[in-house]
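Engineer: Got protein_32.txt for you, compact mmCIF, C-alpha atoms:
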# COMPACT_ATOMS: atom_id res chain seq x y z
CA MET A 177 -3.32 -9.38 -30.13
CA ASN A 178 -1.43 -6.16 -30.88
CA SER A 179 1.78 -8.11 -31.31
CA ARG A 180 4.51 -7.53 -33.87
CA VAL A 181 5.16 -11.28 -34.16
CA ILE A 182 1.47 -12.01 -34.78
CA ARG A 183 1.18 -9.24 -37.38
CA GLU A 184 4.27 -10.53 -39.18
CA ASN A 185 2.95 -14.10 -39.36
CA PHE A 186 -0.79 -13.60 -39.90
CA ASP A 187 -3.06 -11.25 -41.79
CA THR A 188 -5.01 -9.84 -38.86
CA ILE A 189 -8.12 -7.73 -38.53
CA VAL A 190 -8.90 -6.47 -35.02
CA LEU A 191 -12.38 -5.63 -33.77
CA ASN A 192 -11.72 -3.65 -30.60
CA LEU A 193 -14.65 -4.08 -28.21
CA GLN A 194 -14.40 -0.96 -26.05
CA PHE A 195 -17.08 -0.75 -23.33
CA LEU A 196 -15.45 1.26 -20.53
CA THR A 197 -14.69 4.97 -20.41
CA SER A 198 -13.12 4.71 -16.94
CA ILE A 199 -11.97 1.98 -14.59
CA LYS A 200 -14.85 2.79 -12.22
CA GLU A 201 -17.28 1.32 -14.78
CA ILE A 202 -15.84 -2.20 -14.45
CA THR A 203 -18.62 -3.49 -12.18
CA ARG A 204 -21.41 -1.15 -13.34
CA PHE A 205 -24.41 -2.14 -15.47
CA SER A 206 -25.64 0.51 -17.92
CA ILE A 207 -27.96 0.95 -20.91
CA ARG A 208 -25.03 2.42 -22.85
CA LYS A 209 -23.10 -0.85 -22.47
CA ILE A 210 -26.12 -2.84 -23.74
CA ALA A 211 -26.45 -0.57 -26.78
CA LYS A 212 -22.74 -0.95 -27.53
CA ALA A 213 -22.94 -4.73 -27.12
CA PHE A 214 -25.66 -5.01 -29.76
CA SER A 215 -23.89 -2.54 -32.04
CA TYR A 216 -20.71 -4.62 -31.87
CA SER A 217 -22.68 -7.82 -32.56
CA PHE A 218 -23.77 -6.48 -35.96
CA GLU A 219 -20.23 -5.27 -36.68
CA LEU A 220 -18.84 -8.69 -35.73
CA ALA A 221 -21.27 -10.53 -38.02
CA TRP A 222 -20.47 -8.18 -40.91
CA LYS A 223 -16.70 -8.61 -40.43
CA ILE A 224 -16.97 -12.39 -40.44
CA HIS A 225 -19.22 -12.35 -43.52
CA THR A 226 -16.95 -10.05 -45.53
CA VAL A 227 -13.48 -11.13 -44.33
CA LYS A 228 -14.13 -14.88 -44.02
CA PRO A 229 -11.31 -15.52 -41.50
CA ASP A 230 -9.61 -18.89 -41.06
CA LEU A 231 -9.43 -18.41 -37.28
CA ILE A 232 -11.19 -16.13 -34.81
CA TYR A 233 -9.37 -15.32 -31.58
CA PHE A 234 -11.61 -14.06 -28.78
CA SER A 235 -10.78 -12.89 -25.26
CA PHE A 236 -13.81 -14.23 -23.37
CA SER A 237 -15.16 -12.85 -20.08
CA PRO A 238 -16.12 -15.84 -17.90
CA LYS A 239 -18.41 -14.14 -15.38
CA GLY A 240 -20.59 -11.13 -14.64
CA TYR A 241 -22.79 -9.24 -17.09
CA SER A 242 -20.05 -9.47 -19.71
CA PHE A 243 -20.38 -13.27 -19.72
CA TYR A 244 -23.83 -13.00 -21.33
CA ARG A 245 -22.58 -10.40 -23.81
CA ASP A 246 -19.62 -12.55 -24.82
CA THR A 247 -21.82 -15.64 -25.04
CA LEU A 248 -23.87 -13.77 -27.66
CA TYR A 249 -20.68 -13.07 -29.61
CA VAL A 250 -19.60 -16.72 -29.43
CA PHE A 251 -22.98 -17.84 -30.79
CA ILE A 252 -22.65 -15.34 -33.66
CA ILE A 253 -19.18 -16.67 -34.49
CA LYS A 254 -20.37 -20.27 -34.33
CA SER A 255 -23.29 -19.52 -36.66
CA PHE A 256 -20.70 -18.85 -39.40
CA ARG A 257 -18.99 -22.20 -38.64
CA LYS A 258 -15.62 -20.57 -38.18
CA LYS A 259 -12.73 -22.01 -36.18
CA LEU A 260 -12.75 -20.29 -32.79
CA VAL A 261 -10.19 -20.01 -30.03
CA ILE A 262 -11.17 -18.51 -26.68
CA HIS A 263 -8.42 -17.00 -24.54
CA LEU A 264 -9.40 -16.95 -20.85
CA HIS A 265 -7.75 -14.13 -18.91
CA GLY A 266 -9.90 -14.57 -15.83
CA GLN A 267 -11.67 -17.25 -13.84
CA GLY A 268 -15.13 -17.77 -12.38
CA VAL A 269 -16.70 -20.42 -14.62
CA LYS A 270 -16.91 -23.13 -11.97
CA GLU A 271 -18.44 -20.82 -9.38
CA ASN A 272 -20.79 -19.11 -11.84
CA GLN A 273 -22.34 -22.34 -13.17
CA ARG A 274 -22.64 -24.07 -9.81
CA ASN A 275 -26.29 -24.68 -8.86
CA ASN A 276 -27.47 -22.79 -11.95
CA PHE A 277 -28.82 -25.03 -14.70
CA LEU A 278 -29.22 -22.26 -17.30
CA ARG A 279 -25.68 -20.89 -16.92
CA ARG A 280 -24.24 -24.41 -16.97
CA ARG A 281 -26.01 -25.09 -20.28
CA LEU A 282 -24.73 -21.78 -21.67
CA TYR A 283 -21.15 -22.55 -20.66
CA LYS A 284 -21.33 -26.01 -22.24
CA ALA A 285 -22.67 -24.50 -25.44
CA VAL A 286 -19.92 -21.86 -25.48
CA PHE A 287 -17.10 -24.34 -24.87
CA ARG A 288 -18.34 -27.01 -27.30
CA ASP A 289 -16.15 -27.64 -30.37
CA ILE A 290 -13.68 -24.81 -29.81
CA SER A 291 -10.07 -24.40 -28.73
CA VAL A 292 -9.22 -22.80 -25.38
CA ILE A 293 -6.09 -21.01 -24.15
CA CYS A 294 -5.57 -20.76 -20.39
CA LEU A 295 -2.93 -18.75 -18.54
CA SER A 296 -1.86 -21.48 -16.13
CA GLU A 297 -2.18 -25.16 -15.32
CA LYS A 298 -3.63 -24.04 -11.98
CA LEU A 299 -6.62 -22.51 -13.79
CA LEU A 300 -7.71 -25.64 -15.66
CA TYR A 301 -9.97 -26.73 -12.81
CA ASP A 302 -12.19 -23.73 -13.52
CA ILE A 303 -13.45 -25.13 -16.85
CA GLU A 304 -13.20 -28.88 -16.21
CA ASP A 305 -17.01 -29.23 -15.81
CA VAL A 306 -17.86 -27.53 -19.11
CA TYR A 307 -14.95 -28.21 -21.49
CA ASP A 308 -14.02 -31.68 -22.74
CA GLY A 309 -10.99 -30.70 -24.79
CA LYS A 310 -7.35 -30.21 -23.81
CA PRO A 311 -6.64 -26.51 -23.24
CA TYR A 312 -3.44 -24.87 -24.43
CA ILE A 313 -1.34 -23.18 -21.73
CA VAL A 314 0.20 -19.80 -22.58
CA PRO A 315 1.35 -17.72 -19.59
CA ASN A 316 1.18 -13.97 -19.95
CA GLY A 317 4.28 -11.96 -20.71
CA ILE A 318 4.91 -8.24 -20.43
CA GLU A 319 7.10 -5.64 -22.07
CA PRO A 320 10.25 -4.59 -20.22
CA ILE A 321 9.52 -1.72 -17.84
CA VAL A 322 13.05 -1.59 -16.45
CA THR A 323 16.10 -1.13 -18.64
CA ASN A 324 19.62 -2.19 -17.71
CA LYS A 325 20.44 1.46 -17.11
CA LEU A 326 17.61 1.84 -14.60
CA LYS A 327 18.68 0.36 -11.28
CA PRO A 328 16.59 -0.07 -8.14
CA ILE A 329 16.53 3.12 -6.07
CA ARG A 330 15.86 1.44 -2.76
CA SER A 331 16.82 3.31 0.36
CA SER A 332 19.64 2.11 2.60
CA SER A 333 17.28 2.68 5.53
CA GLU A 334 16.64 -0.24 7.86
CA ILE A 335 12.91 0.48 7.59
CA SER A 336 11.39 -1.97 5.09
CA GLN A 337 9.39 -0.41 2.26
CA ILE A 338 6.30 -2.51 1.50
CA LEU A 339 4.24 -1.97 -1.64
CA CYS A 340 0.84 -3.12 -2.87
CA ILE A 341 -0.46 -2.10 -6.31
CA SER A 342 -4.06 -3.18 -6.86
CA ASN A 343 -7.52 -1.88 -7.63
CA TYR A 344 -9.25 -1.05 -4.36
CA MET A 345 -11.81 -3.86 -4.20
CA LEU A 346 -12.90 -6.31 -1.53
CA GLU A 347 -11.98 -9.23 -3.78
CA LYS A 348 -8.42 -7.88 -3.98
CA GLY A 349 -8.08 -8.39 -0.22
CA ILE A 350 -7.08 -4.83 0.63
CA PRO A 351 -8.81 -4.88 4.08
CA ASP A 352 -6.95 -8.14 4.83
CA LEU A 353 -3.64 -6.43 4.10
CA ILE A 354 -4.40 -3.45 6.34
CA GLU A 355 -5.35 -5.86 9.12
CA ALA A 356 -2.06 -7.71 8.56
CA PHE A 357 -0.20 -4.39 8.88
CA LYS A 358 -1.94 -3.86 12.22
CA ILE A 359 -0.67 -7.24 13.44
CA ILE A 360 2.87 -6.41 12.27
CA HIS A 361 2.73 -3.00 13.94
CA ASP A 362 1.43 -4.42 17.21
CA GLN A 363 4.38 -6.83 17.31
CA GLY A 364 6.75 -3.89 17.34
CA PHE A 365 8.06 -3.99 13.77
CA ILE A 366 8.80 -0.68 12.07
CA PHE A 367 7.87 -0.47 8.39
CA SER A 368 6.60 1.90 5.73
CA ALA A 369 3.79 0.70 3.47
CA LYS A 370 2.36 2.22 0.32
CA LEU A 371 -0.96 1.22 -1.28
CA VAL A 372 -1.45 2.31 -4.88
CA GLY A 373 -4.61 1.76 -6.90
CA ALA A 374 -7.90 2.91 -8.35
CA PRO A 375 -11.01 2.91 -6.12
CA ILE A 376 -13.68 0.48 -7.32
CA ASP A 377 -15.89 -0.75 -4.47
CA LEU A 378 -13.57 0.65 -1.79
CA SER A 379 -12.89 4.37 -1.81
CA ILE A 380 -9.57 5.92 -0.86
CA GLU A 381 -11.39 7.72 1.96
CA ASP A 382 -12.79 4.39 3.26
CA LEU A 383 -9.29 2.91 3.39
CA LYS A 384 -7.81 5.99 5.03
CA GLN A 385 -10.50 5.82 7.70
CA GLN A 386 -9.67 2.16 8.36
CA VAL A 387 -5.98 3.08 8.65
CA GLU A 388 -6.75 5.97 11.02
CA LYS A 389 -9.01 3.79 13.15
CA LEU A 390 -6.19 1.25 13.56
CA HIS A 391 -3.66 4.03 14.37
CA LEU A 392 -1.51 3.17 11.33
CA ALA A 393 -1.49 6.54 9.55
CA ASP A 394 2.21 7.06 10.30
CA CYS A 395 3.26 3.88 8.50
CA ILE A 396 0.69 3.40 5.68
CA LYS A 397 0.25 5.80 2.76
CA ILE A 398 -2.70 5.36 0.37
CA SER A 399 -2.76 6.90 -3.08
CA GLY A 400 -4.66 6.69 -6.34
CA PRO A 401 -3.40 4.80 -9.41
CA LEU A 402 0.05 5.45 -10.87
CA TYR A 403 1.09 4.85 -14.45
CA GLY A 404 4.21 4.82 -16.57
CA GLN A 405 7.42 5.98 -14.94
CA GLU A 406 5.69 6.89 -11.66
CA LYS A 407 4.55 3.29 -11.27
CA VAL A 408 8.01 1.99 -12.15
CA ASN A 409 9.57 4.31 -9.56
CA VAL A 410 7.45 3.04 -6.66
CA LEU A 411 8.33 -0.53 -7.63
CA LEU A 412 12.03 0.31 -7.72
CA GLU A 413 11.80 2.05 -4.33
CA ALA A 414 10.11 -0.90 -2.59
CA ASP A 415 11.71 -3.80 -0.70
CA ILE A 416 8.70 -6.15 -0.60
CA PHE A 417 5.70 -6.49 -2.89
CA VAL A 418 2.39 -7.84 -1.50
CA LEU A 419 -0.77 -8.92 -3.34
CA PRO A 420 -3.44 -10.26 -0.93
CA SER A 421 -6.13 -11.10 -3.53
CA ARG A 422 -9.18 -13.19 -2.67
CA ASN A 423 -9.92 -13.75 -6.37
CA GLU A 424 -7.27 -13.66 -9.07
CA ALA A 425 -6.22 -15.32 -12.32
CA PHE A 426 -2.74 -14.29 -13.47
CA PRO A 427 -1.95 -10.78 -12.19
CA LEU A 428 0.47 -8.90 -14.42
CA VAL A 429 1.51 -6.69 -11.51
CA ILE A 430 3.35 -9.68 -10.02
CA LEU A 431 5.38 -9.91 -13.23
CA GLU A 432 6.16 -6.20 -12.94
CA ALA A 433 7.32 -6.70 -9.36
CA MET A 434 9.49 -9.67 -10.38
CA GLN A 435 11.01 -7.63 -13.19
CA CYS A 436 11.95 -4.97 -10.63
CA GLY A 437 13.71 -7.57 -8.47
CA LEU A 438 11.13 -7.66 -5.68
CA PRO A 439 10.27 -10.64 -3.48
CA VAL A 440 6.51 -11.24 -3.67
CA VAL A 441 4.10 -12.22 -0.92
CA ALA A 442 0.79 -13.29 -2.45
CA THR A 443 -2.20 -15.54 -1.92
CA CYS A 444 -2.56 -19.04 -3.40
CA GLU A 445 -5.19 -17.85 -5.87
CA GLY A 446 -5.64 -18.75 -9.52
CA GLY A 447 -2.37 -19.03 -11.40
CA ILE A 448 -0.28 -17.25 -8.75
CA PRO A 449 1.30 -20.51 -7.45
CA ASP A 450 2.63 -21.11 -10.97
CA MET A 451 4.16 -17.62 -11.03
CA ILE A 452 5.80 -17.65 -7.59
CA ILE A 453 8.14 -20.42 -6.47
CA GLU A 454 7.60 -20.80 -2.75
CA ASN A 455 10.68 -19.88 -0.70
CA GLU A 456 12.62 -19.08 -3.89
CA THR A 457 10.98 -16.05 -5.49
CA GLY A 458 8.44 -15.26 -2.80
CA LEU A 459 6.01 -16.55 -0.20
CA LEU A 460 2.47 -17.90 -0.68
CA VAL A 461 -0.31 -17.63 1.89
CA GLU A 462 -3.94 -18.66 2.05
CA LYS A 463 -6.43 -15.95 1.17
CA GLU A 464 -8.43 -13.99 3.77
CA ASN A 465 -5.89 -14.85 6.48
CA PRO A 466 -4.28 -11.62 7.80
CA HIS A 467 -2.29 -13.52 10.45
CA LYS A 468 -0.54 -15.76 7.87
CA LEU A 469 -0.06 -12.74 5.64
CA ALA A 470 1.56 -10.86 8.51
CA GLU A 471 3.85 -13.81 9.32
CA SER A 472 5.19 -13.93 5.76
CA ILE A 473 5.75 -10.18 5.58
CA ILE A 474 7.54 -10.25 8.94
CA ARG A 475 9.80 -13.02 7.69
CA LEU A 476 10.98 -10.73 4.89
CA ILE A 477 11.18 -7.65 7.11
CA GLU A 478 13.54 -9.55 9.42
CA ASN A 479 15.77 -11.00 6.71
CA LYS A 480 17.19 -8.50 4.23
CA ARG A 481 19.44 -11.13 2.61
CA LEU A 482 16.41 -13.33 1.95
CA ARG A 483 14.58 -10.39 0.35
CA ILE A 484 17.47 -9.72 -1.99
CA THR A 485 17.93 -13.39 -2.91
CA MET A 486 14.24 -13.89 -3.64
CA GLY A 487 14.15 -10.71 -5.70
CA GLU A 488 17.14 -11.84 -7.78
CA ASN A 489 15.54 -15.28 -8.29
CA GLY A 490 12.28 -13.64 -9.33
CA LEU A 491 14.03 -11.46 -11.88
CA ARG A 492 15.72 -14.50 -13.42
CA ARG A 493 12.39 -16.35 -13.51
CA PHE A 494 10.71 -13.37 -15.18
CA ARG A 495 13.35 -13.22 -17.90
CA GLU A 496 13.13 -16.97 -18.53
CA TYR A 497 9.34 -17.43 -18.60
CA TYR A 498 7.41 -14.15 -18.63
CA SER A 499 9.04 -11.74 -21.05
CA LEU A 500 7.00 -10.39 -23.96
CA GLU A 501 9.32 -12.22 -26.36
CA LYS A 502 8.62 -15.54 -24.62
CA PHE A 503 4.87 -14.89 -24.71
CA GLU A 504 4.91 -14.04 -28.42
CA THR A 505 6.85 -17.22 -29.21
CA ASN A 506 4.35 -19.32 -27.22
CA ILE A 507 1.20 -17.69 -28.62
CA LEU A 508 2.48 -17.96 -32.20
CA SER A 509 3.21 -21.67 -31.77
CA THR A 510 -0.18 -22.22 -30.14
CA LEU A 511 -2.16 -20.41 -32.86
CA ASN A 512 -0.36 -22.37 -35.56
CA SER A 513 -1.23 -25.62 -33.75
CA ILE A 514 -4.89 -24.58 -33.49
CA ILE A 515 -5.08 -23.71 -37.18
CA GLU A 516 -3.66 -27.11 -38.08
CA SER A 517 -5.99 -28.97 -35.69
CA ARG A 518 -9.38 -30.44 -36.60
CA VAL A 519 -11.37 -28.47 -34.04
Let me see the structure of the file written as structure tokens.
Structural biologist:
Amino acid sequence: MNSRVIRENFDTIVLNLQFLTSIKEITRFSIRKIAKAFSYSFELAWKIHTVKPDLIYFSFSPKGYSFYRDTLYVFIIKSFRKKLVIHLHGQGVKENQRNNFLRRRLYKAVFRDISVICLSEKLLYDIEDVYDGKPYIVPNGIEPIVTNKLKPIRSSSEISQILCISNYMLEKGIPDLIEAFKIIHDQGFIFSAKLVGAPIDLSIEDLKQQVEKLHLADCIKISGPLYGQEKVNVLLEADIFVLPSRNEAFPLVILEAMQCGLPVVATCEGGIPDMIIENETGLLVEKENPHKLAESIIRLIENKRLRITMGENGLRRFREYYSLEKFETNILSTLNSIIESRV
């Protein structure tokens, strides 16, 4: 909620819950995290007691160890009988409560008598079993990363430059993408692919070994994460952006690719089908299907005009729906509606 528009319209106090020292800790359980969780719970209770806020906005983690931590925080907030809005930036509720009576009861308790903000209409199914209210829909928006003076620096080469920016995790579908590249290569297409990301449960060495084993080292380059201008540069150099996720909510990297005028090939996961207009701004494929993924990439490799048209359409769609200014307008309107509501 570090937004100029929010600060100008509300008196805000932010309690920053910082649990990670590096991205590698995302999936790790540790005693240090438990100690921090309890420390923050006392700080949260004290803030509510002393500040007496009219509304508490909370970004809730719907699965994993952090679900139990955030459930504790919700119960603390509810004990003060304060108006609460939960903003869901991920998914996993439906899967996490299936066939688990205790978790289902916890979810129902969390989602009772609160307001909920979701990122996309496509994500509403995830909470339909545990939330009886009508969620607000506020798509994410991002700051401009490309100025009018900064033009794409794509090569005039006939070799298509394909880019994937993602954490290296199984659930991000990285092995599926490498397998798709093998299919494309075996069909005689010449391309250059770049994978950029931080290793989580897949190491860079693991991925390089898979690439070597498939004899793709000449056409696939794998690197660690890039930030700032370096990240912008690889987006501007690419012709096609691919995100093969098996589990996703509303990936901001797709918005970055759209802002850079790239056609996007991505899986029909989470809110992605709301972000990408099929055959207009990109192509959608089913997850864990390297053959379909390869077909869509080949379609863009073969048709440069289609790539350019989709990229231009994506840029227009980004400016209309996913700019930071649009997000701030939507979130401000939503928070005002929640404050005025009875919940």
Engineer: Take atom CA of A:Leu459 and atom CA of A:Leu295 and report the distance between them in Å, one decimal.
Structural biologist: 20.5 Å
Engineer: So the first atom is atom CA of A:Glu456 and the second is atom CA of A:Gly487; what is the distance between them in Å, to one decimal place?
Structural biologist: 8.7 Å
Engineer: Using 4 Å of padding on each side, determine the axis-aligned box around all atoms of stretch 400-406 of chain A present in the file and give its centre and edge lengths in Å to one decimal, as JSON.
Structural biologist:
{"center_x": 1.4, "center_y": 5.8, "center_z": -11.5, "size_x": 20.1, "size_y": 10.1, "size_z": 18.2}
Engineer: Residues within 8 Å of stretch 334-351 of chain A, please, as a ChimeraX atom specification. Count all atoms listed in the file; anything in the same chain fewer than 3 positions from it doesn't count.
Structural biologist: /A:354-355,366-380,383,410-411,413-424,429,463-464,477
Engineer: Take atom CA of A:Met486 and atom CA of A:Cys444 and report the distance between them in Å, one decimal.
Structural biologist: 17.6 Å
Engineer: Which residue, A:Val181, A:Ile515, A:Leu428, A:Ile303, has the smallest gap to A:Gln273 when you use all atoms listed in the file?
Structural biologist: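 Checking each of A:Val181, A:Ile515, A:Leu428, A:Ile303 against A:Gln273, counting all atoms listed in the file, the winner is A:Ile303.
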Engineer: Looking at A:Ile210, A:Ile182, A:Ser237, A:Ile252, which one is nearest to A:Lys223, with distances taken over only C-alpha atoms?
Structural biologist: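 Using only C-alpha atoms, the shortest distance to A:Lys223 belongs to A:Ile252.
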Engineer: Which one of A:Arg183, A:Lys298, A:Arg483, A:Lys259 sits closest to A:Gly446 if you count all atoms listed in the file?
Structural biologist: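 Closest residue, counting all atoms listed in the file: A:Lys298.
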Engineer: May I ask which of the residues A:Glu304, A:Glu271, A:Asp246, A:Glu432 is the closest one to A:Val322, counting only C-alpha atoms?
Structural biologist: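 Comparing A:Glu304, A:Glu271, A:Asp246, A:Glu432 against A:Val322, the winner is A:Glu432.
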Engineer: Select, from A:Val269, A:Ala285, A:Leu390, A:Leu476, the residue with the minimum atom-to-atom distance to A:Tyr301, counting all atoms listed in the file.
Structural biologist: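 The answer is A:Val269, which sits nearest to A:Tyr301.
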Engineer: Which residue out of A:Ser499, A:Thr485, A:Asn275, A:Ser472 has the minimum interatomic distance to A:Gln435 when all atoms listed in the file are used?
Structural biologist: A:Ser499
Engineer: For A:Asp230, please output as number ranges by chain all residues within 10 Å (counting all atoms listed in the file; exclusion window: fewer than 2 positions along the same chain).
Structural biologist: A: 224, 227-228, 232, 258-260, 515
Engineer: Tell me, as a VMD selection string, which residues lie within 10 Å of A:Ala213, counting all atoms listed in the file; anything in the same chain fewer than 6 positions away does not count.
Structural biologist: chain A and resid 193 to 195 207 219 242 245 to 246 248 to 249
Engineer: List the neighbours of A:Leu282 out to 12 Å using only C-alpha atoms; skip same-chain residues closer than 6 positions along the sequence, and give me the result as a tab-separated table (two decimals) with C-alpha atoms, in the coordinates of the input.
Structural biologist:
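Written output follows (selection-v5.tsv):
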chain	number	residue	atom	x	y	z
A	238	PRO	CA	-16.12	-15.84	-17.90
A	239	LYS	CA	-18.41	-14.14	-15.38
A	243	PHE	CA	-20.38	-13.27	-19.72
A	244	TYR	CA	-23.83	-13.00	-21.33
A	245	ARG	CA	-22.58	-10.40	-23.81
A	246	ASP	CA	-19.62	-12.55	-24.82
A	247	THR	CA	-21.82	-15.64	-25.04
A	248	LEU	CA	-23.87	-13.77	-27.66
A	250	VAL	CA	-19.60	-16.72	-29.43
A	251	PHE	CA	-22.98	-17.84	-30.79
A	269	VAL	CA	-16.70	-20.42	-14.62
A	272	ASN	CA	-20.79	-19.11	-11.84
A	273	GLN	CA	-22.34	-22.34	-13.17
A	276	ASN	CA	-27.47	-22.79	-11.95
A	288	ARG	CA	-18.34	-27.01	-27.30
A	306	VAL	CA	-17.86	-27.53	-19.11
A	307	TYR	CA	-14.95	-28.21	-21.49
Engineer: Please report as a Markdown table every residue of stretch 448-468 of chain A lying within 12 Å of stretch 308-317 of chain A, along with the nearest atom pair and their distance in Å (one decimal), using all atoms listed in the file.
Structural biologist:
| residue | atom | partner | partner_atom | distance |
| --- | --- | --- | --- | --- |
| A:Ile448 | CA | A:Pro315 | CA | 11.0 |
| A:Asp450 | CA | A:Pro315 | CA | 9.4 |
| A:Met451 | CA | A:Pro315 | CA | 9.0 |
